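Peer 1: Here it is, the structure, as structure tokens.
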2 protein chains.
Amino acid sequence: MNGHQPLPSWNEGAAKTAILEFVEQTSAKAVPVEERIAVFDADGTLWCEQPVPVEADFILRRLAEMANTDPELRDRQPWKAAYEHDNAWLSQVIADHYEGDDTKAQTLLAGVGAAFAGIGVEDFETRSGSFLRSARHPTLGRGYLQTAYAPMVELLGYLQANGFANHIVSGSGADFMRPITHELFGIPRERVIGSSTVLEFTSGDNGGTVTRKAQLGFLDDGPQKPIQIWTRAGRRPLLAGGNSNGDLPMLEFTQHQDKPSLRLLVLHDDAVREFAYTSGAEKALAKAGERGWTVVSMKDDFATVFAAGEPR
Amino acid sequence: MNGHQPLPSWNEGAAKTAILEFVEQTSAKAVPVEERIAVFDADGTLWCEQPVPVEADFILRRLAEMANTDPELRDRQPWKAAYEHDNAWLSQVIADHYEGDDTKAQTLLAGVGAAFAGIGVEDFETRSGSFLRSARHPTLGRGYLQTAYAPMVELLGYLQANGFANHIVSGSGADFMRPITHELFGIPRERVIGSSTVLEFTSGDNGGTVTRKAQLGFLDDGPQKPIQIWTRAGRRPLLAGGNSNGDLPMLEFTQHQDKPSLRLLVLHDDAVREFAYTSGAEKALAKAGERGWTVVSMKDDFATVFAAGEPR
């Protein structure tokens with residue numbers, strides 16, 4: 001509780017020590033500021049992803065709204081699951097995905113595409129921003145913006161104060177998160193990387209519009225993460241934080257011959273304060289053990305999990 | 001020649017006045033710094049694109065090298081044109097493209113893909129950086145890095161000093177330009193947007209590699225430019241600079257209801273100091289006339305075209 005010491009929300013331990021040593025080495029080796037790239041997965045790494053990722057709730061509400069208006073949709077997935085609040089089907093999508101079976105994911109993603117097809121990107125952001133500022137987590141008794149992990153928000157600030165450019169590299173959509181990433185994580189819009197929807201430009205009197213199509217672009221997960229990091233930042237990161245198998249290639253990519261690097265893997269082992277699960281993280285945890293990456297135990301390393309109180 | 005006045009490389013006139021007034025309005029209206037997004041085409045807008053764009057020379061040399069090694073390639077386009085130094089075929093590719101016929105462009109782009117397939121992105125940049133720092137323009141008697149337009153470089157610096165984040169949004173490849181954009185234009189790697197090649201991530205002992213595949217991603221031209229600006233910067237620009245029909249959608253997208261905006265169209269009308277041509281810019285020039293966008297005459301508005309002397 002010493003305000004002058006960095007990372008007060010972190011307990012003393014191997015993870016905190018690894019972070020402090022890494023930042024010290026970066027300064028000691030005089031790594032130029034422009035090379036100080038840090039990348040973070042979002043769902044399950046910076047904020048809560050249980051029982052479903054935040055964007056999934058947003059999309060499900062939209063699908064339910066569509067099924068409400070159009071009864072024919074009520075027998076078709078993913079509208080059926082959304083309309084019936086069938087969270088089991090949705091959890092299975094994610095479980096299957098981590099097992100390498102994307103059949104249900106394709107069905108879900110087709111619904112996702114249809115849910116916002118024809119909407120301008122600026123209008124889409126107004127909708128997602130409004131949702132994120134008002135919707136509440138189903139069990140944690142707080143708004144979604146308050147499900148950000150306080151120690152990770154603190155880490156982002158500490159890195160930024162040490163010259164790092166933090167990026168989000170998420171399987172969720174970039175345009176979904178952008179309205180709140182700066183306020184919540186200090187990460188500006190241009191450093192939010194996420195899954196994409198095919199976009200279309202239409203000329204018009206007031207500068208034209210970029211509109212979402214039903215077709216999905218790429219899923220920013222697994223090997224797509226290092227590819228997108230290169231495409232966007234144009235550099236190999238020095239620090240990567242993730243929590244699942246889909247973050248493995250990004251964590252692996254975060255390695256240099258001549259500069260320090262740090263790989264953080266958030267372990268969800270705190271059933272009391274958050275959730276305890278390793279489903280979808282088995283390979284990443286095994287690799288972290290093999291390679292000596294830093295596992296962050298939410299139970300042991302986080303002095304607090306969430307910031308106190310409700311947002312505004 | 002007053003060092004205290006901005007834009008000394010620009011002659012007094014409508015273009016310079018429009019720029020100064022736009023920057024003044026941006027400050028007067030207190031447009032937040034994070035919204036001050038400026039986007040610039042590269043070839044023909046920031047540096048010379050005649051007789052062929054700089055990247056085309058780079059690729060042609062590589063294709064000629066391949067044909068030199070493998071005689072069978074000498075009868076196939078685009079290797080044939082490269083091997084025979086047939087610039088006419090290449091000029092036709094661009095002329096056809098601007099007329100809406102991309103048959104030859106597809107042939108060329110397939111060759112481009114094959115030319116660097118299987119090469120890691122970091123190795124590719126080493127090659128392009130080395131080329132850009134050593135190759136000379138075929139007729140202007142200077143290295144390619146000295147074919148940047150001095151008034152445009154000065155404009156970039158002036159905008160940056162006024163809080164703008166300058167971006168390159170080019171039909172050339174981002175990875176081709178990145179090694180020199182900061183040094184030459186003050187534009188960091190993450191703000192270089194360009195045409196893409198499909199990339200692949202391969203695991204490996206030293207952090208794995210992102211490798212170029214033969215397949216092309218998207219051509220960052222025409223309607224793809226506003227789409228990429230949104231994807232990357234996440235904002236509508238305040239200022240756009242271009243010189244051809246392929247920049248039209250980007251120029252159009254640069255419009256706000258409540259903030260100033262400036263659209264610059266560079267007109268190549270200086271056969272003495274650079275080149276005089278409007279081929280591929282006809283529609284953009286017509287639209288600029290209709291909409292009252294600012295046409296920058298290289299002959300009249302540029303006090304100097306290129307910086308004096310040779311690089312280092």
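If you're wondering about the labels, chains in the structure tokens are A, B, ... by order shown, residues count from 1 in each chain, ligands from 1 in order shown.
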Skip B:Leu155 itself and residues of its chain fewer than 2 positions away, then list as a list in words all residues within 10 Å of it, counting only C-alpha atoms.
Peer 2: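 Contacts, with the query itself left out: Pro6, Leu7, Pro8, Ser9, Trp10, Lys16, Ile19, Tyr149, Ala150, Pro151, Met152, Val153, Gly157, Tyr158, Leu159, Gln160, Ala161 and Phe185 of chain B.
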Peer 1: Give the residues of chain A that lie within 10 Å of chain B; count only C-alpha atoms, and format the answer as a ChimeraX atom specification.
Peer 2: /A:34,121-122,174-175,178-179,188-194,196-211,222-236,248-257
Peer 1: Enumerate, as a PyMOL selection string, the complete set of residues in stretch 25-231 of chain A that a backbone-based DSSP assignment places in strand (DSSP E or B).
Peer 2: chain A and resi 37-40+43+47+120+136+143+148-149+165-173+192-195+197-202+209-216
Peer 1: What gap, in Å, lies between atom CA of B:Ser172 and atom CA of B:Phe40?
Peer 2: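 For atom CA of B:Ser172 relative to atom CA of B:Phe40, the distance reads 12.4 Å.
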Peer 1: If we count only C-alpha atoms, what is near B:Asn11 at a cut-off of 12 Å, once residues fewer than 3 positions away on the same chain are taken out, given as a tab-separated table (two decimals) with C-alpha atoms, in the first residue's frame?
Peer 2:
chain	number	residue	atom	x	y	z
B	1	MET	CA	12.61	32.94	-47.12
B	5	GLN	CA	7.01	31.86	-41.38
B	6	PRO	CA	5.63	28.36	-41.96
B	7	LEU	CA	5.94	26.59	-45.31
B	8	PRO	CA	8.80	28.57	-46.91
B	14	ALA	CA	-4.51	29.68	-52.92
B	15	ALA	CA	-3.02	26.30	-51.86
B	16	LYS	CA	-0.70	27.73	-49.20
B	17	THR	CA	-3.48	29.99	-47.91
B	151	PRO	CA	7.17	21.19	-49.84
B	296	VAL	CA	-1.72	22.01	-55.60
B	297	SER	CA	0.13	23.01	-58.76
B	298	MET	CA	3.70	21.77	-58.57
B	299	LYS	CA	4.66	24.45	-61.07
B	300	ASP	CA	3.04	27.38	-59.28
B	301	ASP	CA	2.75	26.36	-55.63
B	302	PHE	CA	6.09	24.64	-55.05
B	303	ALA	CA	8.96	27.14	-54.59
B	304	THR	CA	11.28	24.17	-54.73
B	305	VAL	CA	10.40	20.61	-55.75
Peer 1: Expressed in Å to a single decimal, how great is the separation between atom CA of B:Glu290 and atom CA of B:Pro51?
Peer 2: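 Interatomic distance here is 29.4 Å.
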Peer 1: Give me, as a list in words, all polymer residues having an atom no more than 7 Å from B:Ser244, counting only C-alpha atoms and skipping those fewer than 6 positions away in the same chain.
Peer 2: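 Near neighbours after the sequence-gap exclusion: Gly280, Ala281 and Ala284 of chain B.
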Peer 1: Taking the DSSP assignment computed from this structure's backbone, write out as a PyMOL selection string all residues of stretch 73-270 of chain B that belong to helix (DSSP H, G or I).
Peer 2: chain B and resi 73-75+79-83+87-98+103-115+121-134+144-147+150-161+174-185+189-191+224-233+245-253
Peer 1: Neighbouring residues of B:Gly242 were defined as those with any atom within 6 Å, considering only C-alpha atoms; residues of the same chain fewer than 5 positions away were excluded. Please report them as a list in words.
Peer 2: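 Returned residues: Asp41, Thr45, Asp247 and Leu265 of chain B.
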Peer 1: Could you save those same residues with all heavy atoms as a PDB file, in the first residue's frame?
Peer 2:
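In the end it all went to selection-v5.pdb:
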ATOM      1  N   ASP B  41      -1.555   9.887 -49.696  1.00  0.00           N
ATOM      2  CA  ASP B  41      -1.047   8.944 -50.669  1.00  0.00           C
ATOM      3  C   ASP B  41       0.473   9.143 -50.760  1.00  0.00           C
ATOM      4  O   ASP B  41       0.970  10.223 -50.423  1.00  0.00           O
ATOM      5  CB  ASP B  41      -1.722   9.223 -52.015  1.00  0.00           C
ATOM      6  CG  ASP B  41      -1.062   8.479 -53.143  1.00  0.00           C
ATOM      7  OD1 ASP B  41      -1.036   7.234 -53.083  1.00  0.00           O
ATOM      8  OD2 ASP B  41      -0.557   9.135 -54.081  1.00  0.00           O
ATOM      9  N   THR B  45       2.380  11.836 -54.651  1.00  0.00           N
ATOM     10  CA  THR B  45       1.878  12.830 -53.685  1.00  0.00           C
ATOM     11  C   THR B  45       2.997  13.268 -52.746  1.00  0.00           C
ATOM     12  O   THR B  45       3.170  14.456 -52.488  1.00  0.00           O
ATOM     13  CB  THR B  45       0.696  12.256 -52.879  1.00  0.00           C
ATOM     14  OG1 THR B  45      -0.370  11.947 -53.785  1.00  0.00           O
ATOM     15  CG2 THR B  45       0.199  13.247 -51.842  1.00  0.00           C
ATOM     16  N   ASP B 247      -7.208   8.017 -55.304  1.00  0.00           N
ATOM     17  CA  ASP B 247      -7.292   8.731 -54.021  1.00  0.00           C
ATOM     18  C   ASP B 247      -8.667   9.363 -53.793  1.00  0.00           C
ATOM     19  O   ASP B 247      -8.929   9.915 -52.716  1.00  0.00           O
ATOM     20  CB  ASP B 247      -6.218   9.834 -53.963  1.00  0.00           C
ATOM     21  CG  ASP B 247      -4.823   9.275 -54.074  1.00  0.00           C
ATOM     22  OD1 ASP B 247      -4.566   8.221 -53.443  1.00  0.00           O
ATOM     23  OD2 ASP B 247      -3.992   9.852 -54.792  1.00  0.00           O
ATOM     24  N   LEU B 265      -5.115  18.033 -53.757  1.00  0.00           N
ATOM     25  CA  LEU B 265      -4.848  17.192 -54.924  1.00  0.00           C
ATOM     26  C   LEU B 265      -3.621  17.751 -55.639  1.00  0.00           C
ATOM     27  O   LEU B 265      -3.652  18.876 -56.157  1.00  0.00           O
ATOM     28  CB  LEU B 265      -6.069  17.172 -55.852  1.00  0.00           C
ATOM     29  CG  LEU B 265      -6.017  16.149 -56.985  1.00  0.00           C
ATOM     30  CD1 LEU B 265      -6.097  14.722 -56.447  1.00  0.00           C
ATOM     31  CD2 LEU B 265      -7.147  16.395 -57.972  1.00  0.00           C
TER      32      LEU B 265
END
Peer 1: Calculate how many Å separate atom CA of A:Thr147 from atom CA of A:Phe164, rounding to one decimal.
Peer 2: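 Those two atoms sit 23.7 Å apart.
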Peer 1: Name all residues at most 9 Å from stretch 62-77 of chain B (count only C-alpha atoms; drop same-chain ones fewer than 5 positions away) and give them as JSON, numbers by chain.
Peer 2: {"B": [57, 82, 83, 84, 85, 104, 107, 108, 111, 112, 115, 116]}
Peer 1: Keeping all heavy atoms, export the residues of the selection given above as a compact mmCIF listing (two decimals), in the first residue's frame.
Peer 2:
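selection23.txt was written with the following content:
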# COMPACT_ATOMS: atom_id res chain seq x y z
N ASP B 57 10.14 -0.36 -59.50
CA ASP B 57 11.55 -0.53 -59.85
C ASP B 57 12.17 -1.65 -58.99
O ASP B 57 12.87 -2.54 -59.50
CB ASP B 57 12.29 0.79 -59.63
CG ASP B 57 13.74 0.74 -60.14
OD1 ASP B 57 14.13 -0.28 -60.72
OD2 ASP B 57 14.47 1.73 -59.93
N ALA B 82 10.37 -7.32 -67.24
CA ALA B 82 11.45 -6.95 -66.34
C ALA B 82 12.80 -7.28 -66.96
O ALA B 82 13.73 -6.46 -66.93
CB ALA B 82 11.29 -7.68 -65.01
N TYR B 83 12.89 -8.47 -67.55
CA TYR B 83 14.16 -8.93 -68.12
C TYR B 83 14.56 -8.08 -69.33
O TYR B 83 15.74 -7.78 -69.53
CB TYR B 83 14.01 -10.40 -68.53
CG TYR B 83 15.30 -11.05 -68.96
CD1 TYR B 83 16.30 -11.35 -68.03
CD2 TYR B 83 15.52 -11.38 -70.30
CE1 TYR B 83 17.49 -11.94 -68.42
CE2 TYR B 83 16.70 -11.99 -70.70
CZ TYR B 83 17.68 -12.26 -69.76
OH TYR B 83 18.85 -12.86 -70.16
N GLU B 84 13.54 -7.67 -70.13
CA GLU B 84 13.81 -6.88 -71.35
C GLU B 84 13.77 -5.37 -71.09
O GLU B 84 13.84 -4.59 -72.03
CB GLU B 84 12.77 -7.25 -72.43
CG GLU B 84 12.88 -8.71 -72.89
CD GLU B 84 11.72 -9.12 -73.80
OE1 GLU B 84 10.84 -8.26 -74.07
OE2 GLU B 84 11.70 -10.28 -74.24
N HIS B 85 13.60 -4.98 -69.83
CA HIS B 85 13.48 -3.55 -69.48
C HIS B 85 12.39 -2.88 -70.30
O HIS B 85 12.56 -1.78 -70.83
CB HIS B 85 14.82 -2.83 -69.66
CG HIS B 85 15.91 -3.40 -68.82
ND1 HIS B 85 16.00 -3.16 -67.46
CD2 HIS B 85 16.92 -4.26 -69.12
CE1 HIS B 85 17.04 -3.82 -66.98
NE2 HIS B 85 17.61 -4.50 -67.95
N LYS B 104 -3.82 -6.81 -66.78
CA LYS B 104 -2.36 -6.77 -66.68
C LYS B 104 -1.92 -6.59 -65.22
O LYS B 104 -0.89 -7.13 -64.80
CB LYS B 104 -1.79 -5.64 -67.53
CG LYS B 104 -1.81 -5.92 -69.02
CD LYS B 104 -0.93 -4.92 -69.77
CE LYS B 104 -0.92 -5.16 -71.27
NZ LYS B 104 -2.27 -4.95 -71.87
N THR B 107 -1.70 -9.87 -63.61
CA THR B 107 -0.49 -10.58 -64.06
C THR B 107 0.74 -10.05 -63.32
O THR B 107 1.56 -10.81 -62.81
CB THR B 107 -0.29 -10.37 -65.59
OG1 THR B 107 -1.46 -10.86 -66.25
CG2 THR B 107 0.94 -11.11 -66.09
N LEU B 108 0.82 -8.73 -63.25
CA LEU B 108 1.95 -8.12 -62.56
C LEU B 108 1.95 -8.50 -61.08
O LEU B 108 2.98 -8.90 -60.53
CB LEU B 108 1.89 -6.59 -62.72
CG LEU B 108 2.99 -5.81 -61.97
CD1 LEU B 108 4.38 -6.19 -62.47
CD2 LEU B 108 2.78 -4.30 -62.14
N GLY B 111 3.16 -11.87 -60.32
CA GLY B 111 4.62 -11.88 -60.35
C GLY B 111 5.21 -11.28 -59.09
O GLY B 111 6.19 -11.79 -58.53
N VAL B 112 4.60 -10.21 -58.64
CA VAL B 112 5.04 -9.54 -57.41
C VAL B 112 4.95 -10.52 -56.24
O VAL B 112 5.88 -10.63 -55.43
CB VAL B 112 4.15 -8.30 -57.11
CG1 VAL B 112 4.48 -7.72 -55.75
CG2 VAL B 112 4.31 -7.27 -58.20
N ALA B 115 7.62 -13.09 -56.47
CA ALA B 115 8.97 -12.53 -56.35
C ALA B 115 9.51 -12.62 -54.92
O ALA B 115 10.71 -12.77 -54.71
CB ALA B 115 8.99 -11.08 -56.82
N PHE B 116 8.63 -12.52 -53.94
CA PHE B 116 9.10 -12.49 -52.56
C PHE B 116 8.42 -13.54 -51.68
O PHE B 116 8.44 -13.43 -50.46
CB PHE B 116 8.92 -11.08 -51.97
CG PHE B 116 9.72 -10.03 -52.69
CD1 PHE B 116 9.10 -9.15 -53.57
CD2 PHE B 116 11.09 -9.94 -52.51
CE1 PHE B 116 9.85 -8.19 -54.24
CE2 PHE B 116 11.84 -8.99 -53.18
CZ PHE B 116 11.22 -8.11 -54.05
Peer 1: Which residue out of B:Ile59, B:Ala110, B:Ala135, B:Val52 has the minimum interatomic distance to B:Gln92 when only C-alpha atoms are used?
Peer 2: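 Closest to B:Gln92, using only C-alpha atoms: B:Val52.
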Peer 1: Residues within 9 Å of B:Gln50, please, as a ChimeraX atom specification. Count only C-alpha atoms; anything in the same chain fewer than 3 positions from it doesn't count.
Peer 2: /B:43-44,53-54,274-275
Peer 1: Can you write out the residues you just picked, keeping N, CA, C and O atoms, as a PDB file, in the first residue's frame?
Peer 2:
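The result, stored in selection-v4.pdb:
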ATOM      1  N   ASP B  43       2.936   7.636 -53.648  1.00  0.00           N
ATOM      2  CA  ASP B  43       3.468   7.761 -55.011  1.00  0.00           C
ATOM      3  C   ASP B  43       2.774   8.887 -55.780  1.00  0.00           C
ATOM      4  O   ASP B  43       1.571   8.826 -56.026  1.00  0.00           O
ATOM      5  N   GLY B  44       3.542   9.906 -56.149  1.00  0.00           N
ATOM      6  CA  GLY B  44       2.984  11.050 -56.873  1.00  0.00           C
ATOM      7  C   GLY B  44       2.426  12.120 -55.957  1.00  0.00           C
ATOM      8  O   GLY B  44       2.025  13.181 -56.419  1.00  0.00           O
ATOM      9  N   PRO B  53       6.426   3.868 -60.353  1.00  0.00           N
ATOM     10  CA  PRO B  53       6.542   4.016 -58.893  1.00  0.00           C
ATOM     11  C   PRO B  53       7.792   3.315 -58.372  1.00  0.00           C
ATOM     12  O   PRO B  53       8.259   2.322 -58.958  1.00  0.00           O
ATOM     13  N   VAL B  54       8.321   3.817 -57.272  1.00  0.00           N
ATOM     14  CA  VAL B  54       9.589   3.321 -56.719  1.00  0.00           C
ATOM     15  C   VAL B  54       9.518   1.809 -56.459  1.00  0.00           C
ATOM     16  O   VAL B  54      10.451   1.076 -56.789  1.00  0.00           O
ATOM     17  N   GLU B 274       9.907  18.386 -62.685  1.00  0.00           N
ATOM     18  CA  GLU B 274       9.537  16.992 -62.392  1.00  0.00           C
ATOM     19  C   GLU B 274       8.929  16.368 -63.653  1.00  0.00           C
ATOM     20  O   GLU B 274       9.633  16.178 -64.625  1.00  0.00           O
ATOM     21  N   PHE B 275       7.640  16.098 -63.664  1.00  0.00           N
ATOM     22  CA  PHE B 275       6.982  15.530 -64.837  1.00  0.00           C
ATOM     23  C   PHE B 275       5.627  16.205 -64.988  1.00  0.00           C
ATOM     24  O   PHE B 275       5.062  16.680 -63.995  1.00  0.00           O
TER      25      PHE B 275
END
Peer 1: With only C-alpha atoms as the atoms that count, which of B:Leu60, B:Ala114, B:Ile37, B:Ala95 lies nearest to B:Thr278?
Peer 2: B:Ala95
Peer 1: With only C-alpha atoms as the basis for distance, which of A:Gly171, A:Gly163, A:Gly118, A:Gly292 is at the shortest distance from A:Arg263?
Peer 2: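 Of the candidates, the smallest distance to A:Arg263 is held by A:Gly292.
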